[in-house]
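Shown next: start_28.cif, given as mmCIF, C-alpha atoms and all ligand atoms.
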data_query
loop_
_atom_site.label_atom_id
_atom_site.label_comp_id
_atom_site.auth_asym_id
_atom_site.auth_seq_id
_atom_site.Cartn_x
_atom_site.Cartn_y
_atom_site.Cartn_z
CA MET A 1 0.00 0.00 0.00
CA TRP A 2 2.66 2.42 1.08
CA ARG A 3 4.87 1.42 -1.81
CA GLY A 4 2.00 2.05 -4.24
CA GLY A 5 1.27 5.39 -2.55
CA SER A 6 4.86 6.50 -2.80
CA THR A 7 4.95 5.51 -6.49
CA ALA A 8 1.88 7.64 -7.17
CA ALA A 9 3.25 10.52 -5.18
CA SER A 10 6.55 10.39 -7.02
CA ALA A 11 4.67 10.32 -10.34
CA ALA A 12 2.71 13.39 -9.31
CA ARG A 13 5.95 15.05 -8.15
CA ALA A 14 7.57 14.23 -11.48
CA LEU A 15 4.62 15.74 -13.32
CA ARG A 16 4.62 18.85 -11.22
CA SER A 17 8.34 19.40 -11.69
CA ARG A 18 7.89 18.85 -15.39
CA LEU A 19 5.18 21.48 -15.49
CA LEU A 20 7.38 23.94 -13.67
CA LEU A 21 10.34 23.29 -15.91
CA ASP A 22 8.42 23.43 -19.17
CA PRO A 23 6.05 26.36 -19.01
CA ILE A 24 4.65 26.03 -22.54
CA HIS A 25 4.16 22.31 -22.40
CA HIS A 26 2.55 19.74 -24.65
CA PRO A 27 -0.16 17.27 -23.51
CA ALA A 28 1.44 14.27 -25.19
CA THR A 29 4.80 14.64 -23.48
CA SER A 30 3.44 15.61 -20.07
CA LEU A 31 1.18 12.54 -19.89
CA ALA A 32 4.07 10.14 -20.50
CA PRO A 33 5.16 10.01 -16.82
CA ILE A 34 1.57 9.06 -15.85
CA ALA A 35 1.66 6.12 -18.19
CA SER A 36 5.01 4.98 -16.84
CA ALA A 37 3.78 5.41 -13.26
CA ARG A 38 0.75 3.30 -14.13
CA THR A 39 2.93 0.55 -15.59
CA SER A 40 5.23 0.44 -12.61
CA SER A 41 2.39 0.62 -10.07
CA SER A 42 0.47 -2.27 -11.72
CA SER A 43 3.20 -4.69 -10.62
CA THR A 44 2.58 -3.98 -6.90
CA PRO A 45 -0.08 -5.59 -4.67
CA SER A 46 -1.81 -2.29 -4.09
CA THR A 47 -2.41 -1.72 -7.78
CA ALA A 48 -6.01 -0.45 -7.51
CA ALA A 49 -5.24 2.16 -4.85
CA ALA A 50 -2.13 3.29 -6.66
CA ASN A 51 -4.05 3.59 -9.92
CA THR A 52 -6.72 5.71 -8.23
CA ILE A 53 -4.11 8.04 -6.81
CA VAL A 54 -2.31 8.24 -10.14
CA GLU A 55 -5.56 8.97 -11.95
CA GLU A 56 -6.44 11.72 -9.47
CA ALA A 57 -2.96 13.15 -9.87
CA ALA A 58 -3.33 12.99 -13.65
CA ALA A 59 -6.69 14.77 -13.50
CA ALA A 60 -5.26 17.46 -11.22
CA VAL A 61 -2.25 17.84 -13.45
CA SER A 62 -4.44 18.10 -16.55
CA VAL A 63 -6.52 20.89 -14.94
CA SER A 64 -3.46 22.75 -13.71
CA GLN A 65 -1.79 22.10 -17.05
CA HIS A 66 -4.73 23.71 -18.84
CA THR A 67 -4.82 26.69 -16.47
CA GLY A 68 -1.06 26.93 -16.69
CA SER A 69 -1.04 26.96 -20.47
CA ILE A 70 -3.71 29.70 -20.57
CA SER A 71 -1.82 31.87 -18.11
CA ASP A 72 1.46 31.19 -19.95
CA SER A 73 -0.13 32.19 -23.24
CA LEU A 74 -1.66 35.29 -21.70
CA ARG A 75 1.71 36.27 -20.27
CA HIS A 76 3.51 35.54 -23.52
CA TYR A 77 1.13 37.46 -25.79
CA GLY A 78 0.62 40.23 -23.24
CA LYS A 79 4.37 40.83 -23.30
CA CYS A 80 4.37 40.74 -27.11
CA TYR A 81 1.50 43.26 -27.33
CA TRP A 82 3.26 45.49 -24.80
CA GLU A 83 6.46 45.49 -26.85
CA LEU A 84 4.67 45.82 -30.20
CA SER A 85 2.85 48.87 -28.83
CA LYS A 86 6.19 50.42 -27.73
CA ALA A 87 4.36 50.99 -24.46
CA ARG A 88 6.74 53.61 -23.07
CA LEU A 89 6.68 55.70 -26.26
CA SER A 90 2.88 55.35 -26.40
CA ALA A 91 2.69 56.48 -22.76
CA LEU A 92 4.64 59.61 -23.69
CA VAL A 93 2.25 60.18 -26.61
CA VAL A 94 -0.68 59.80 -24.19
CA ALA A 95 0.92 62.30 -21.81
CA THR A 96 1.14 64.90 -24.60
CA SER A 97 -2.43 64.22 -25.67
CA GLY A 98 -3.63 64.47 -22.05
CA ALA A 99 -1.74 67.75 -21.66
CA GLY A 100 -3.43 69.02 -24.83
CA TYR A 101 -6.80 68.02 -23.35
CA VAL A 102 -6.18 69.92 -20.12
CA LEU A 103 -4.90 72.98 -21.98
CA GLY A 104 -8.00 72.99 -24.20
CA SER A 105 -10.36 72.69 -21.20
CA GLY A 106 -12.12 75.39 -19.29
CA ASN A 107 -11.99 75.92 -15.53
CA ILE A 108 -13.13 72.39 -14.90
CA VAL A 109 -11.38 69.48 -16.58
CA ASP A 110 -13.78 66.67 -17.46
CA ILE A 111 -11.92 63.73 -15.91
CA ALA A 112 -14.03 61.07 -17.65
CA GLY A 113 -13.43 62.78 -21.00
CA LEU A 114 -9.72 63.02 -20.22
CA CYS A 115 -9.53 59.31 -19.38
CA CYS A 116 -11.39 58.30 -22.57
CA THR A 117 -9.15 60.55 -24.67
CA CYS A 118 -6.03 59.05 -23.09
CA ALA A 119 -7.34 55.49 -23.55
CA GLY A 120 -8.29 56.15 -27.18
CA THR A 121 -4.93 57.79 -27.91
CA MET A 122 -3.10 54.90 -26.26
CA MET A 123 -4.92 52.36 -28.43
CA VAL A 124 -4.37 54.22 -31.71
CA ALA A 125 -0.70 54.86 -30.84
CA ALA A 126 -0.28 51.16 -29.97
CA SER A 127 -1.77 50.27 -33.33
CA ALA A 128 0.51 52.71 -35.20
CA ASN A 129 3.59 51.38 -33.41
CA THR A 130 2.63 47.77 -34.13
CA LEU A 131 2.11 48.49 -37.84
CA ASN A 132 5.49 50.24 -37.90
CA GLN A 133 7.10 47.02 -36.64
CA VAL A 134 5.11 44.81 -39.02
CA PHE A 135 6.56 46.83 -41.93
CA GLU A 136 10.10 46.83 -40.53
CA ILE A 137 10.67 43.20 -39.55
CA LYS A 138 13.72 42.77 -41.79
CA ASN A 139 15.23 46.12 -40.85
CA ASP A 140 14.65 45.62 -37.14
CA ALA A 141 16.32 42.20 -37.38
CA LYS A 142 19.54 43.89 -38.56
CA MET A 143 19.74 46.48 -35.79
CA LYS A 144 21.15 45.74 -32.33
CA ARG A 145 18.62 48.11 -30.74
CA THR A 146 15.60 46.36 -32.25
CA MET A 147 16.56 42.76 -33.08
CA ARG A 148 14.96 41.38 -29.89
CA ARG A 149 11.53 42.85 -30.70
CA PRO A 150 8.68 40.28 -30.91
CA LEU A 151 8.53 40.10 -34.72
CA PRO A 152 12.22 39.78 -35.70
CA SER A 153 12.78 37.34 -32.82
CA GLY A 154 9.83 35.21 -34.03
CA ARG A 155 7.84 35.38 -30.80
CA ILE A 156 4.68 36.36 -32.67
CA SER A 157 3.61 36.01 -36.28
CA PRO A 158 3.17 39.06 -38.56
CA ALA A 159 -0.49 38.09 -39.16
CA HIS A 160 -1.15 37.99 -35.40
CA ALA A 161 0.56 41.37 -34.94
CA ALA A 162 -1.44 42.86 -37.82
CA MET A 163 -4.66 41.57 -36.22
CA TRP A 164 -3.71 43.18 -32.91
CA ALA A 165 -2.93 46.47 -34.71
CA THR A 166 -6.25 46.46 -36.57
CA SER A 167 -8.42 45.66 -33.58
CA VAL A 168 -6.77 48.10 -31.19
CA GLY A 169 -6.66 50.84 -33.86
CA VAL A 170 -10.35 50.49 -34.74
CA ALA A 171 -11.35 50.31 -31.05
CA GLY A 172 -9.28 53.40 -30.17
CA THR A 173 -10.65 55.48 -33.05
CA ALA A 174 -14.21 54.40 -32.22
CA LEU A 175 -13.72 55.31 -28.56
CA LEU A 176 -12.47 58.78 -29.53
CA ALA A 177 -15.36 59.29 -31.95
CA TRP A 178 -17.89 58.13 -29.36
CA LYS A 179 -16.60 59.77 -26.19
CA ALA A 180 -14.77 62.80 -27.62
CA ASN A 181 -15.67 63.93 -31.15
CA GLY A 182 -15.09 63.32 -34.85
CA LEU A 183 -12.25 65.85 -35.04
CA ALA A 184 -10.21 64.05 -32.37
CA ALA A 185 -10.94 60.65 -33.94
CA GLY A 186 -10.05 61.98 -37.40
CA LEU A 187 -6.76 63.43 -36.16
CA ALA A 188 -5.86 60.13 -34.48
CA ALA A 189 -6.69 58.06 -37.57
CA SER A 190 -4.83 60.44 -39.92
CA ASN A 191 -1.82 60.37 -37.64
CA LEU A 192 -1.80 56.59 -37.70
CA VAL A 193 -1.80 56.67 -41.50
CA LEU A 194 0.94 59.32 -41.55
CA TYR A 195 3.15 57.32 -39.20
CA ALA A 196 2.61 53.79 -40.49
CA PHE A 197 2.13 54.41 -44.20
CA VAL A 198 4.15 57.57 -44.91
CA TYR A 199 6.87 57.99 -42.28
CA THR A 200 7.72 54.29 -41.96
CA PRO A 201 8.50 53.64 -45.67
CA LEU A 202 10.13 57.08 -45.95
CA LYS A 203 12.75 56.04 -43.39
CA GLN A 204 14.32 53.85 -46.06
CA ILE A 205 13.93 56.39 -48.86
CA HIS A 206 14.94 59.90 -47.74
CA PRO A 207 16.35 61.74 -44.69
CA VAL A 208 13.30 64.03 -44.74
CA ASN A 209 11.67 61.23 -42.70
CA THR A 210 12.81 62.91 -39.46
CA TRP A 211 10.72 65.99 -40.23
CA VAL A 212 7.69 63.91 -41.19
CA GLY A 213 8.13 61.94 -37.94
CA ALA A 214 8.20 65.27 -36.08
CA VAL A 215 4.76 66.11 -37.48
CA VAL A 216 3.51 62.71 -36.25
CA GLY A 217 4.81 63.44 -32.76
CA ALA A 218 3.22 66.91 -32.78
CA ILE A 219 -0.35 65.79 -33.57
CA PRO A 220 -1.34 64.06 -30.26
CA PRO A 221 -1.56 67.28 -28.16
CA LEU A 222 -3.69 68.77 -30.94
CA LEU A 223 -5.89 65.69 -30.75
CA GLY A 224 -6.24 66.16 -26.99
CA TRP A 225 -7.14 69.83 -27.41
CA ALA A 226 -9.72 68.96 -30.08
CA ALA A 227 -11.24 66.33 -27.78
CA ALA A 228 -11.67 68.91 -25.02
CA SER A 229 -12.82 71.94 -26.97
CA THR A 230 -14.11 70.50 -30.31
CA GLU A 231 -12.17 73.18 -32.23
CA LEU A 232 -8.59 74.24 -32.85
CA SER A 233 -7.27 77.75 -32.32
CA LEU A 234 -3.91 79.47 -32.61
CA ASN A 235 -3.01 78.93 -28.96
CA ALA A 236 -3.67 75.19 -29.41
CA MET A 237 -0.47 75.18 -31.48
CA ILE A 238 2.02 75.95 -28.69
CA LEU A 239 2.54 72.40 -27.43
CA PRO A 240 2.46 70.81 -30.94
CA ALA A 241 5.02 73.38 -32.13
CA ALA A 242 7.25 72.66 -29.12
CA LEU A 243 7.01 68.92 -29.79
CA TYR A 244 7.75 69.38 -33.48
CA PHE A 245 10.91 71.45 -32.92
CA TRP A 246 11.99 69.39 -29.91
CA GLN A 247 12.02 66.16 -31.89
CA ILE A 248 14.61 67.43 -34.37
CA PRO A 249 17.54 67.76 -31.91
CA HIS A 250 16.29 64.67 -30.07
CA PHE A 251 16.29 62.43 -33.16
CA MET A 252 19.36 64.09 -34.69
CA ALA A 253 21.33 63.14 -31.58
CA LEU A 254 19.91 59.61 -31.63
CA ALA A 255 20.72 59.05 -35.32
CA TYR A 256 24.22 60.50 -34.79
CA LEU A 257 24.90 58.26 -31.79
CA CYS A 258 23.42 55.09 -33.37
CA ARG A 259 24.67 55.85 -36.88
CA ASN A 260 26.11 52.36 -37.48
CA ASP A 261 22.96 50.67 -36.25
CA TYR A 262 20.75 52.81 -38.51
CA LEU A 263 23.11 52.11 -41.45
CA ALA A 264 22.86 48.36 -40.80
CA GLY A 265 19.07 48.64 -40.67
CA GLY A 266 18.97 50.15 -44.16
CA TYR A 267 17.62 53.55 -43.13
CA ARG A 268 18.43 56.94 -44.66
CA MET A 269 19.23 59.43 -41.94
CA PHE A 270 20.42 63.01 -42.20
CA SER A 271 23.61 62.31 -40.26
CA PHE A 272 24.87 59.73 -42.82
CA ALA A 273 25.87 62.40 -45.33
CA ASP A 274 27.58 64.39 -42.60
CA PRO A 275 30.73 62.59 -41.43
CA THR A 276 31.91 65.45 -39.21
CA GLY A 277 28.50 65.80 -37.53
CA ARG A 278 28.67 69.58 -37.93
CA ARG A 279 25.58 69.93 -40.13
CA THR A 280 23.62 67.60 -37.85
CA ALA A 281 24.58 69.81 -34.92
CA TRP A 282 23.59 73.00 -36.78
CA VAL A 283 20.17 71.59 -37.64
CA SER A 284 19.68 70.75 -33.96
CA LEU A 285 20.71 74.23 -32.88
CA ARG A 286 18.46 75.90 -35.45
CA ASN A 287 15.42 74.03 -34.15
CA CYS A 288 16.26 74.91 -30.54
CA LEU A 289 16.30 78.56 -31.57
CA TYR A 290 12.85 78.19 -33.15
CA MET A 291 11.59 77.09 -29.73
CA LEU A 292 12.80 80.20 -27.94
CA PRO A 293 9.74 82.42 -28.56
CA LEU A 294 7.19 79.71 -27.72
CA GLY A 295 6.94 80.68 -24.04
CA LEU A 296 6.28 84.28 -25.04
CA PHE A 297 3.63 83.23 -27.52
CA ALA A 298 1.96 81.07 -24.87
CA TYR A 299 1.60 84.15 -22.68
CA ASN A 300 0.75 86.54 -25.45
CA TRP A 301 -1.94 84.29 -26.86
CA GLY A 302 -3.48 83.96 -23.44
CA LEU A 303 -2.65 80.31 -22.89
CA THR A 304 -0.52 80.71 -19.75
CA SER A 305 0.49 83.26 -17.19
CA GLU A 306 3.71 85.24 -17.62
CA TRP A 307 5.64 82.81 -15.41
CA PHE A 308 5.61 80.22 -18.13
CA SER A 309 7.33 82.53 -20.61
CA PHE A 310 10.25 82.91 -18.19
CA GLU A 311 10.43 79.20 -17.39
CA ALA A 312 10.12 78.10 -21.02
CA SER A 313 12.76 80.61 -22.11
CA LEU A 314 15.16 79.36 -19.45
CA LEU A 315 14.54 75.70 -20.32
CA THR A 316 14.96 76.33 -24.03
CA LEU A 317 18.09 78.32 -23.37
CA GLY A 318 19.50 75.26 -21.55
CA LEU A 319 18.72 73.00 -24.49
CA THR A 320 20.14 75.58 -26.90
CA ILE A 321 23.40 75.66 -24.95
CA GLY A 322 23.54 71.86 -25.25
CA ALA A 323 23.05 72.14 -29.02
CA LEU A 324 25.64 74.92 -29.20
CA SER A 325 28.26 72.75 -27.50
CA PHE A 326 27.42 70.00 -30.06
CA VAL A 327 28.01 72.58 -32.84
CA LEU A 328 31.31 73.75 -31.37
CA GLU A 329 32.59 70.23 -30.83
CA PRO A 330 30.59 67.57 -32.71
CA SER A 331 31.32 64.36 -30.79
CA PRO A 332 29.39 61.49 -29.21
CA LYS A 333 29.94 63.13 -25.84
CA THR A 334 28.26 66.44 -26.76
CA ALA A 335 25.54 64.64 -28.78
CA ARG A 336 24.77 62.46 -25.77
CA ARG A 337 24.60 65.52 -23.53
CA MET A 338 22.14 67.19 -25.90
CA PHE A 339 20.11 63.96 -26.08
CA TYR A 340 19.79 63.67 -22.30
CA GLY A 341 19.00 67.38 -22.13
CA SER A 342 16.15 66.81 -24.57
CA LEU A 343 14.82 64.00 -22.34
CA LEU A 344 14.63 66.40 -19.39
CA TYR A 345 13.27 69.27 -21.45
CA LEU A 346 9.95 67.83 -22.52
CA PRO A 347 8.47 66.84 -19.13
CA ALA A 348 9.66 70.14 -17.65
CA PHE A 349 8.13 72.17 -20.50
CA MET A 350 4.80 70.31 -20.29
CA SER A 351 4.65 70.58 -16.49
CA GLY A 352 5.24 74.33 -16.76
CA LEU A 353 2.49 74.67 -19.35
CA LEU A 354 0.01 72.82 -17.15
CA LEU A 355 1.05 74.59 -13.99
CA HIS A 356 0.64 78.06 -15.45
CA ARG A 357 -2.22 77.41 -17.83
CA LEU A 358 -5.18 79.76 -17.91
CA PRO A 359 -8.59 78.13 -18.33
CA SER A 360 -10.50 78.87 -21.54
CA GLU A 361 -12.66 81.64 -20.02
CA GLN A 362 -9.56 83.48 -18.93
CA LYS A 363 -7.95 82.93 -22.34
CA ALA A 364 -10.95 84.48 -24.12
CA HIS A 365 -10.87 87.39 -21.74
CA ASN A 366 -7.18 88.05 -22.25
CA LEU A 367 -7.41 87.75 -26.00
CA ALA A 368 -10.29 90.22 -26.11
CA GLU A 369 -8.21 92.56 -24.04
CA ASN A 370 -5.25 92.16 -26.35
CA ASN A 371 -7.38 93.00 -29.36
CA GLU A 372 -8.65 96.06 -27.63
CA LEU A 373 -5.12 97.15 -26.89
CA ASP A 374 -4.19 96.65 -30.53
CA GLY A 375 -7.07 98.95 -31.45
CA VAL A 376 -5.59 101.62 -29.20
CA LEU A 377 -2.16 101.20 -30.68
CA TYR A 378 -3.14 101.25 -34.29
CA GLY A 379 -5.01 104.47 -34.76
CA ALA A 380 -8.07 104.65 -32.49
CA ASP A 381 -8.83 108.23 -31.46
CA LEU A 382 -8.49 109.56 -27.96
CA GLN A 383 -12.14 109.06 -27.08
CA ASP A 384 -11.95 105.41 -28.08
CA GLU A 385 -8.79 105.06 -26.06
CA GLU A 386 -10.50 106.49 -23.00
CA ARG A 387 -13.46 104.13 -23.48
CA ALA A 388 -11.15 101.16 -23.92
CA ARG A 389 -9.16 102.15 -20.85
CA GLN A 390 -12.36 102.48 -18.84
CA LYS A 391 -13.50 99.05 -20.01
CA ARG A 392 -10.16 97.52 -19.18
CA GLN A 393 -10.38 98.97 -15.69
CA ASP A 394 -13.83 97.44 -15.27
CA THR A 395 -13.04 94.02 -16.60
CA LYS A 396 -9.38 93.56 -15.68
CA PRO A 397 -8.72 89.91 -14.75
CA SER A 398 -7.09 89.43 -11.42
CA ARG A 399 -4.27 87.13 -12.56
CA VAL A 400 -2.91 88.50 -15.80
CA GLN A 401 -2.75 91.69 -17.77
CA SER A 402 -1.57 90.89 -21.30
CA LEU A 403 0.74 93.22 -23.17
CA PRO A 404 1.60 93.40 -26.85
CA PRO A 405 4.07 90.72 -27.99
CA VAL A 406 7.17 92.84 -28.43
CA SER A 407 7.14 93.98 -24.81
CA TYR A 408 7.67 90.39 -23.70
CA ALA A 409 10.41 89.99 -26.23
CA SER A 410 12.28 92.66 -24.28
CA VAL A 411 12.06 90.66 -21.11
CA ALA A 412 13.13 87.22 -22.24
CA PRO A 413 14.90 85.77 -24.07
CA PHE A 414 16.17 89.05 -25.59
CA PRO A 415 16.95 91.14 -22.54
CA PHE A 416 19.12 93.49 -24.58
CA LEU A 417 16.07 95.02 -26.36
CA PRO A 418 14.70 98.28 -24.93
CA VAL A 419 11.33 98.00 -23.24
CA PRO A 420 8.79 99.80 -25.50
CA ILE A 421 6.29 102.17 -23.94
CA TYR A 422 2.74 101.79 -25.18
CA GLU A 423 0.69 104.19 -23.19
CA SER A 424 1.67 107.64 -22.05
C1 LIG B 501 -2.43 58.95 -32.10
C2 LIG B 501 -1.25 58.41 -32.77
C3 LIG B 501 -1.46 57.60 -33.98
C4 LIG B 501 -0.05 58.67 -32.31
C5 LIG B 501 1.20 58.10 -32.86
C6 LIG B 501 2.32 58.81 -32.23
C7 LIG B 501 3.64 58.18 -32.51
C8 LIG B 501 3.73 56.75 -32.86
C9 LIG B 501 4.71 58.94 -32.41
C10 LIG B 501 6.09 58.44 -32.66
C11 LIG B 501 6.89 59.44 -33.45
C12 LIG B 501 8.17 58.88 -33.99
C13 LIG B 501 8.77 59.60 -35.12
C14 LIG B 501 8.76 57.78 -33.47
C15 LIG B 501 9.98 57.13 -34.01
O1 LIG B 501 9.63 55.99 -34.72
P1 LIG B 501 10.75 55.03 -35.33
O2 LIG B 501 10.10 54.17 -36.35
O3 LIG B 501 11.90 55.82 -35.81
O4 LIG B 501 11.18 54.19 -34.08
P2 LIG B 501 11.99 52.80 -34.07
O5 LIG B 501 13.24 53.00 -34.86
O6 LIG B 501 12.25 52.58 -32.61
O7 LIG B 501 11.08 51.77 -34.65
#
Go ahead and express the file in the form of structure tokens.
Amino acid sequence: MWRGGSTAASAARALRSRLLLDPIHHPATSLAPIASARTSSSSTPSTAAANTIVEEAAAAVSVSQHTGSISDSLRHYGKCYWELSKARLSALVVATSGAGYVLGSGNIVDIAGLCCTCAGTMMVAASANTLNQVFEIKNDAKMKRTMRRPLPSGRISPAHAAMWATSVGVAGTALLAWKANGLAAGLAASNLVLYAFVYTPLKQIHPVNTWVGAVVGAIPPLLGWAAASTELSLNAMILPAALYFWQIPHFMALAYLCRNDYLAGGYRMFSFADPTGRRTAWVSLRNCLYMLPLGLFAYNWGLTSEWFSFEASLLTLGLTIGALSFVLEPSPKTARRMFYGSLLYLPAFMSGLLLHRLPSEQKAHNLAENNELDGVLYGADLQDEERARQKRQDTKPSRVQSLPPVSYASVAPFPFLPVPIYES
């Protein structure tokens, strides 16, 4: 009896250890020890009892085997979907879209709307990133940085990945159309097409791909704004513009540092035709300079308080200094410094925007006031001026009094300009 019991127990132990050792297991091989346990136990006097125990063990193993294989598959494909979606990049995209939503909102941010916009953006971005990898299997397989991705490493089939991309893309666009509006859904769908079907093939054709990719990266905050306010205005462009210009030094540094990898992958990057790296560095610097007035515009267009223009100017100045040192001495060291600087820049810029944002009502107020001031400056007679001044006194917002653009330009980042006087 005891001998039969110990045989059954050892068979069960053998099965369990087999299950643990072989996570994606096959029914035929895992049942083999049961058969051998049965054969050996049938030669003992306590055959019936041993068989019962072995059968119970086999049944338990088969249930746990089934559950195990489901959870193994879930884990395996979950990891594949996560990597196909480039989850961290998609999370950054969601953060920019969420920031756009908050900036486009009034005093009260609709949290449910924000969550749906973020979820929809995440799904469409995941779809775009998956399609990008479906089209680049051969290229990714040749690059050190990407060769371990699910498709080149054969962990998932291209058809399966394409199915994932289609379902998550359709679901995300539908969610945006349903819970936000058609404009947001349209922007998301167009951006997917631009990224997967224009930018991705262009990477192997022409270095202009970096600029097209910058447009792709700039659309999500616009999408967020559209979801919150159903329309796009000039001040909706601040964050997209920052993202567009920011991506140029960021990707220039990356392509310069990983030049050999990109060459092996068969891509056409700007830095390939620039062995010294000087032109790459100049392009980076030029785009940092384009970012300098953005903080001032954000204030002048009534999007933020004046604090943001100072903070943004300081931040951009920091990034510009990084690009300048890359220009003066093009080397991996200075490129890496500019790259890390760009990683710090974006979250700091977005946090500043959100911290100093003015809700829509305040924006409208400030813009109206600005227009009035323009009327005074450009030829209104004295009576009109007095009326306008009176009205300004009556309706002055407590937080901000906007001034014409050039007066901010005197403050930062061009402190050497004289401060113009507008009213005597
Ligand atoms: C709503 C929506 C559709 C958003 C999509 C946003 C998105 C995917 C932005 C990424 C921008 C970009 C140029 C990434 C680099 O791709 P890459 O192909 O150079 O990266 P890789 O070399 O790592 O594959």
**Complete:** Across A:Leu343, A:Ile108, A:Val193, A:Leu114, the smallest distance to ligand LIG 501 (chain B), with only C-alpha atoms and all ligand atoms counted, is shown by A:Val193
**Message:** One number please: CA of Gln247 in chain A to CA of Val109 in chain A, in Å, one decimal.
**Reply:**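 CA of Gln247 in chain A sits 28.2 Å away from CA of Val109 in chain A.
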**Request:** Find the residues near Asp110 in chain A: any atom within 12 Å, counting all atoms listed in the file, skip ones fewer than 6 places away on the same chain, and give them as a list of chain:residue names.
**Result:**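 Using all atoms listed in the file, the neighbours found are A:Gly98, A:Tyr101, A:Val102, A:Leu103, A:Gly104, A:Cys116, A:Thr117, A:Lys179, A:Ala180, A:Ala227, A:Ala228, A:Ser229.
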Which residues of chain A come within 9 Å of ligand LIG 501 (chain B), and for each one, what is the closest pair of atoms and their distance in Å to one decimal, counting only C-alpha atoms and all ligand atoms, sorted by chain and residue number, as a tab-separated table?
residue	atom	partner	partner_atom	distance
A:Ser85	CA	B:LIG501	C8	8.9
A:Lys86	CA	B:LIG501	O6	8.1
A:Leu89	CA	B:LIG501	C10	7.0
A:Ser90	CA	B:LIG501	C8	6.7
A:Leu92	CA	B:LIG501	C9	8.7
A:Val93	CA	B:LIG501	C6	5.8
A:Val94	CA	B:LIG501	C1	8.1
A:Ser97	CA	B:LIG501	C1	8.3
A:Gly120	CA	B:LIG501	C1	8.1
A:Thr121	CA	B:LIG501	C1	5.0
A:Met122	CA	B:LIG501	C1	7.1
A:Met123	CA	B:LIG501	C1	7.9
A:Val124	CA	B:LIG501	C3	5.0
A:Ala125	CA	B:LIG501	C2	4.1
A:Ala126	CA	B:LIG501	C8	7.5
A:Ser127	CA	B:LIG501	C3	7.4
A:Ala128	CA	B:LIG501	C3	5.4
A:Asn129	CA	B:LIG501	C8	5.4
A:Asn132	CA	B:LIG501	O2	6.3
A:Gln133	CA	B:LIG501	O7	6.5
A:Glu136	CA	B:LIG501	O7	7.7
A:Asp140	CA	B:LIG501	O7	7.5
A:Arg145	CA	B:LIG501	O6	8.0
A:Thr146	CA	B:LIG501	O6	7.1
A:Gly169	CA	B:LIG501	C3	8.5
A:Thr173	CA	B:LIG501	C1	9.0
A:Ala185	CA	B:LIG501	C1	8.9
A:Leu187	CA	B:LIG501	C1	7.4
A:Ala188	CA	B:LIG501	C1	4.3
A:Ala189	CA	B:LIG501	C3	6.4
A:Ser190	CA	B:LIG501	C3	7.4
A:Asn191	CA	B:LIG501	C3	4.6
A:Leu192	CA	B:LIG501	C3	3.9
A:Val193	CA	B:LIG501	C3	7.6
A:Leu194	CA	B:LIG501	C3	8.1
A:Tyr195	CA	B:LIG501	C8	6.4
A:Ala196	CA	B:LIG501	C8	8.3
A:Tyr199	CA	B:LIG501	C13	7.6
A:Thr200	CA	B:LIG501	O2	6.1
A:Lys203	CA	B:LIG501	O3	7.6
A:Asn209	CA	B:LIG501	C13	8.3
A:Thr210	CA	B:LIG501	C13	6.8
A:Trp211	CA	B:LIG501	C13	8.4
A:Val212	CA	B:LIG501	C13	7.5
A:Gly213	CA	B:LIG501	C13	3.7
A:Ala214	CA	B:LIG501	C13	5.8
A:Val215	CA	B:LIG501	C13	8.0
A:Val216	CA	B:LIG501	C11	5.5
A:Gly217	CA	B:LIG501	C9	4.5
A:Ala218	CA	B:LIG501	C9	8.1
A:Ile219	CA	B:LIG501	C4	7.2
A:Pro220	CA	B:LIG501	C1	5.5
A:Leu223	CA	B:LIG501	C1	7.7
A:Gln247	CA	B:LIG501	C13	8.0
A:Phe251	CA	B:LIG501	C13	8.3
A:Tyr262	CA	B:LIG501	O5	8.4
List every protein, DNA or RNA residue that has an atom no more than 6 Å from (2.3, 40.4, -29.8) in the file's coordinate frame, counting all atoms listed in the file, and report them as a PDB file with C-alpha atoms, keeping the file's coordinate frame.
ATOM      1  CA  TYR A  77       1.130  37.460 -25.790  1.00  0.00           C
ATOM      2  CA  CYS A  80       4.370  40.740 -27.110  1.00  0.00           C
ATOM      3  CA  TYR A  81       1.500  43.260 -27.330  1.00  0.00           C
ATOM      4  CA  LEU A  84       4.670  45.820 -30.200  1.00  0.00           C
ATOM      5  CA  ILE A 156       4.680  36.360 -32.670  1.00  0.00           C
ATOM      6  CA  ALA A 161       0.560  41.370 -34.940  1.00  0.00           C
TER       7      ALA A 161
END
**Item:** Atomic separation - CA of Pro152 in chain A relative to CA of Thr130 in chain A, Å
**Value:** 12.6 Å
**Message:** I'd like the contact shell of range 314-329 of chain A - 10 Å cut-off, only C-alpha atoms, skipping same-chain residues fewer than 6 positions apart - returned as a PyMOL selection string.
**Reply:** chain A and resi 242+246+249+253+276-295+308+335-342+344-346+348-349+412-413
**Message:** If I take CA of Leu232 in chain A and CA of Pro201 in chain A, how far is one from the other in Å, to one decimal?
**Reply:**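 CA of Leu232 in chain A sits 29.7 Å away from CA of Pro201 in chain A.
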Could the centre and edge lengths of an axis-aligned box, enclosing all atoms of range 294-298 of chain A in the file with 3 Å extra on each side, be given in Å to one decimal as AutoDock Vina command-line options?
--center_x 4.6 --center_y 82.0 --center_z -25.9 --size_x 11.2 --size_y 10.6 --size_z 9.7
**Asked** Which residue, A:Ser309, A:Gly352, A:Pro275, A:Ile238, has the smallest gap to Gly100 in chain A when you use all atoms listed in the file?
**Response**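 For Gly100 in chain A, the nearest of the candidates is A:Ile238.
If you measure from each of A:His206, A:Ser153, A:Ile137, A:Ser233 to Ala273 in chain A using all atoms listed in the file, the closest one turns out to be A:His206.
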